Amino acid sequence: LGRALNTMIDTTQATESRLRQFVSDASHELRTPLTTLRGYTALYEAGGFENETDLDDAMRRMANEAARMSRIVEDLLLLAKLDEHGAPEPESVELGSVLRDLASDISVVQPARPVTVECPEPVVVMIDRDHLIQAVTAFTTNAMRYSDESAELILSATQSGGRARVEVRDRGPGISDDDLPKLFDRFYRADSARARATGGNGLGLAIVASIILSNHGTFGVQSIVGLGSTFWFELP
């Protein structure tokens, strides 16, 4: 009984610690764009914009920061919804068509990047289509963000033993062993400065984790520094 009570207390303390860290991280993420918006507003009120060009540039920056803050809030709301209500009603989705559509999108955004889709046979899963696309897009966005545009990107879907597996493989710089276990944590960044500079908010992979877990799936990543990374998830 004593051991059970100690375990319960340790679990409660760990949960409270994670909650405090999550609130702190969320506040920090929202504080940055809010500070920028308040700064530009104060500068405008002080008559700091002497010509229309300066004002136009300030409005552009404010719009960008407002959009970034909106994305953070939307991601937080999605995580809260998945935590509370779980996954929405699933539908039948063929993975090959989804991967081919995403490959076309990548080619539009980064025309120089070679993209390959490997799906030799139809692979069907039961999941909300929008959530599936969001999960795979989080993987491809990371690969596009952290690898050179000339590096090949491979999207694959296979099935075995009643499970469907999706992989996104890149030929990027890879990820250190210290970072790998934390990549799917909320607000975690392997390279904080670089992620902020390129627009990441540390929630994309956490959303993947919530989506896949709420659909009774598993997920993970393998990476070798200097050779590239493979992000994957499996669904029934």
# chains A, B, ... in the order shown; residues from 1 in each chain; ligands from 1

$ residues_around --residues "A:Ser176" --least-positions-apart "3" --cutoff "7 Å" --atoms "only C-alpha atoms" --output "number ranges by chain"
A: 179-180, 225

$ residues_around --residues "stretch 33-48 of chain A" --least-positions-apart "2" --cutoff "9 Å" --atoms "only C-alpha atoms" --output "number ranges by chain"
A: 29-31, 50, 54-55, 58-59, 61-66, 68-69

$ write_last_selection --atoms "all heavy atoms" --output "tab-separated table (two decimals), in the first residue's frame"
chain	number	residue	atom	x	y	z
A	29	GLU	N	5.21	31.14	-26.13
A	29	GLU	CA	4.98	31.18	-27.57
A	29	GLU	C	4.04	32.32	-27.95
A	29	GLU	O	4.23	32.98	-28.98
A	29	GLU	CB	4.39	29.86	-28.05
A	29	GLU	CG	5.36	28.71	-28.02
A	29	GLU	CD	6.54	28.93	-28.95
A	29	GLU	OE1	6.35	29.52	-30.03
A	29	GLU	OE2	7.65	28.52	-28.59
A	30	LEU	N	3.03	32.57	-27.13
A	30	LEU	CA	2.07	33.63	-27.44
A	30	LEU	C	2.62	35.00	-27.09
A	30	LEU	O	2.22	36.01	-27.69
A	30	LEU	CB	0.76	33.38	-26.69
A	30	LEU	CG	-0.05	32.17	-27.18
A	30	LEU	CD1	-1.20	31.87	-26.24
A	30	LEU	CD2	-0.57	32.40	-28.59
A	31	ARG	N	3.53	35.06	-26.11
A	31	ARG	CA	4.06	36.35	-25.69
A	31	ARG	C	4.86	37.03	-26.80
A	31	ARG	O	4.79	38.24	-26.97
A	31	ARG	CB	4.95	36.17	-24.45
A	31	ARG	CG	5.45	37.52	-23.88
A	31	ARG	CD	6.40	37.31	-22.72
A	31	ARG	NE	5.77	36.62	-21.62
A	31	ARG	CZ	6.15	35.45	-21.15
A	31	ARG	NH1	7.18	34.82	-21.70
A	31	ARG	NH2	5.52	34.90	-20.14
A	50	GLU	N	6.92	57.69	-40.38
A	50	GLU	CA	6.97	58.99	-41.04
A	50	GLU	C	6.50	58.95	-42.48
A	50	GLU	O	6.19	59.98	-43.07
A	50	GLU	CB	8.40	59.55	-40.99
A	50	GLU	CG	8.90	59.77	-39.55
A	50	GLU	CD	10.31	60.30	-39.52
A	50	GLU	OE1	10.93	60.40	-40.62
A	50	GLU	OE2	10.79	60.62	-38.42
A	54	ASP	N	7.00	52.86	-44.56
A	54	ASP	CA	7.26	52.31	-43.22
A	54	ASP	C	5.99	51.75	-42.60
A	54	ASP	O	6.01	50.70	-41.95
A	54	ASP	CB	7.85	53.39	-42.31
A	54	ASP	CG	9.25	53.80	-42.72
A	54	ASP	OD1	9.90	53.01	-43.44
A	54	ASP	OD2	9.68	54.92	-42.34
A	55	LEU	N	4.88	52.45	-42.80
A	55	LEU	CA	3.61	51.99	-42.25
A	55	LEU	C	3.17	50.68	-42.90
A	55	LEU	O	2.70	49.76	-42.21
A	55	LEU	CB	2.54	53.07	-42.45
A	55	LEU	CG	1.14	52.74	-41.89
A	55	LEU	CD1	1.21	52.46	-40.40
A	55	LEU	CD2	0.17	53.89	-42.19
A	58	ALA	N	5.18	47.88	-41.46
A	58	ALA	CA	4.73	47.56	-40.10
A	58	ALA	C	3.44	46.75	-40.13
A	58	ALA	O	3.28	45.78	-39.37
A	58	ALA	CB	4.53	48.84	-39.31
A	59	MET	N	2.51	47.11	-41.01
A	59	MET	CA	1.25	46.38	-41.11
A	59	MET	C	1.50	44.94	-41.59
A	59	MET	O	0.85	43.99	-41.14
A	59	MET	CB	0.30	47.10	-42.06
A	59	MET	CG	-0.19	48.44	-41.54
A	59	MET	SD	-1.05	48.30	-39.95
A	59	MET	CE	-2.46	47.31	-40.43
A	61	ARG	N	4.24	43.17	-41.03
A	61	ARG	CA	4.81	42.44	-39.90
A	61	ARG	C	3.73	42.10	-38.88
A	61	ARG	O	3.71	40.99	-38.32
A	61	ARG	CB	5.91	43.28	-39.25
A	61	ARG	CG	7.14	43.51	-40.11
A	61	ARG	CD	7.94	42.22	-40.29
A	61	ARG	NE	8.27	41.61	-39.01
A	61	ARG	CZ	9.28	42.00	-38.22
A	61	ARG	NH1	10.07	43.00	-38.60
A	61	ARG	NH2	9.52	41.40	-37.09
A	62	MET	N	2.84	43.03	-38.63
A	62	MET	CA	1.76	42.78	-37.66
A	62	MET	C	0.84	41.67	-38.15
A	62	MET	O	0.41	40.81	-37.36
A	62	MET	CB	0.97	44.07	-37.43
A	62	MET	CG	1.76	45.15	-36.67
A	62	MET	SD	0.87	46.72	-36.55
A	62	MET	CE	-0.46	46.26	-35.43
A	63	ALA	N	0.54	41.67	-39.45
A	63	ALA	CA	-0.31	40.62	-40.01
A	63	ALA	C	0.36	39.25	-39.87
A	63	ALA	O	-0.29	38.25	-39.54
A	63	ALA	CB	-0.63	40.92	-41.47
A	64	ASN	N	1.67	39.20	-40.12
A	64	ASN	CA	2.41	37.93	-39.99
A	64	ASN	C	2.38	37.42	-38.55
A	64	ASN	O	2.19	36.22	-38.30
A	64	ASN	CB	3.85	38.11	-40.45
A	64	ASN	CG	3.97	38.29	-41.95
A	64	ASN	OD1	3.06	37.95	-42.70
A	64	ASN	ND2	5.09	38.84	-42.39
A	65	GLU	N	2.59	38.32	-37.60
A	65	GLU	CA	2.60	37.92	-36.20
A	65	GLU	C	1.21	37.49	-35.74
A	65	GLU	O	1.06	36.52	-34.97
A	65	GLU	CB	3.12	39.07	-35.32
A	65	GLU	CG	4.59	39.36	-35.49
A	65	GLU	CD	5.46	38.16	-35.16
A	65	GLU	OE1	5.34	37.62	-34.04
A	65	GLU	OE2	6.23	37.73	-36.04
A	66	ALA	N	0.17	38.19	-36.21
A	66	ALA	CA	-1.19	37.81	-35.86
A	66	ALA	C	-1.53	36.42	-36.43
A	66	ALA	O	-2.18	35.60	-35.76
A	66	ALA	CB	-2.18	38.84	-36.39
A	68	ARG	N	0.65	34.03	-37.06
A	68	ARG	CA	1.41	33.04	-36.29
A	68	ARG	C	0.72	32.75	-34.96
A	68	ARG	O	0.62	31.58	-34.55
A	68	ARG	CB	2.84	33.55	-36.04
A	68	ARG	CG	3.73	32.52	-35.35
A	68	ARG	CD	5.19	32.82	-35.63
A	68	ARG	NE	5.67	33.96	-34.87
A	68	ARG	CZ	6.26	33.86	-33.68
A	68	ARG	NH1	6.40	32.67	-33.11
A	68	ARG	NH2	6.70	34.92	-33.06
A	69	MET	N	0.24	33.78	-34.30
A	69	MET	CA	-0.47	33.59	-33.05
A	69	MET	C	-1.75	32.79	-33.26
A	69	MET	O	-2.11	31.92	-32.45
A	69	MET	CB	-0.78	34.95	-32.42
A	69	MET	CG	-1.36	34.87	-31.02
A	69	MET	SD	-1.28	36.46	-30.18
A	69	MET	CE	-2.20	37.49	-31.32

$ residues_around --residues "stretch 164-175 of chain A" --least-positions-apart "5" --cutoff "6 Å" --atoms "only C-alpha atoms" --output "list in words"
Ser147, Ala151, Glu152, Leu153, Ile154, Leu155, Ser156, Ala157, Thr158, Gln159, Ser223, Ile224, Val225, Gly226, Leu227, Gly228, Ser229, Thr230, Phe231, Trp232, Phe233, Glu234 and Leu235 of chain A

$ residues_around --residues "stretch 185-187 of chain A" --least-positions-apart "3" --cutoff "6 Å" --atoms "only C-alpha atoms" --output "list in words"
Lys182, Gly202, Leu203 and Ala206 of chain A

$ atom_distance --atom1 "atom CA of A:Val136" --atom2 "atom CA of A:Thr32"
28.0 Å
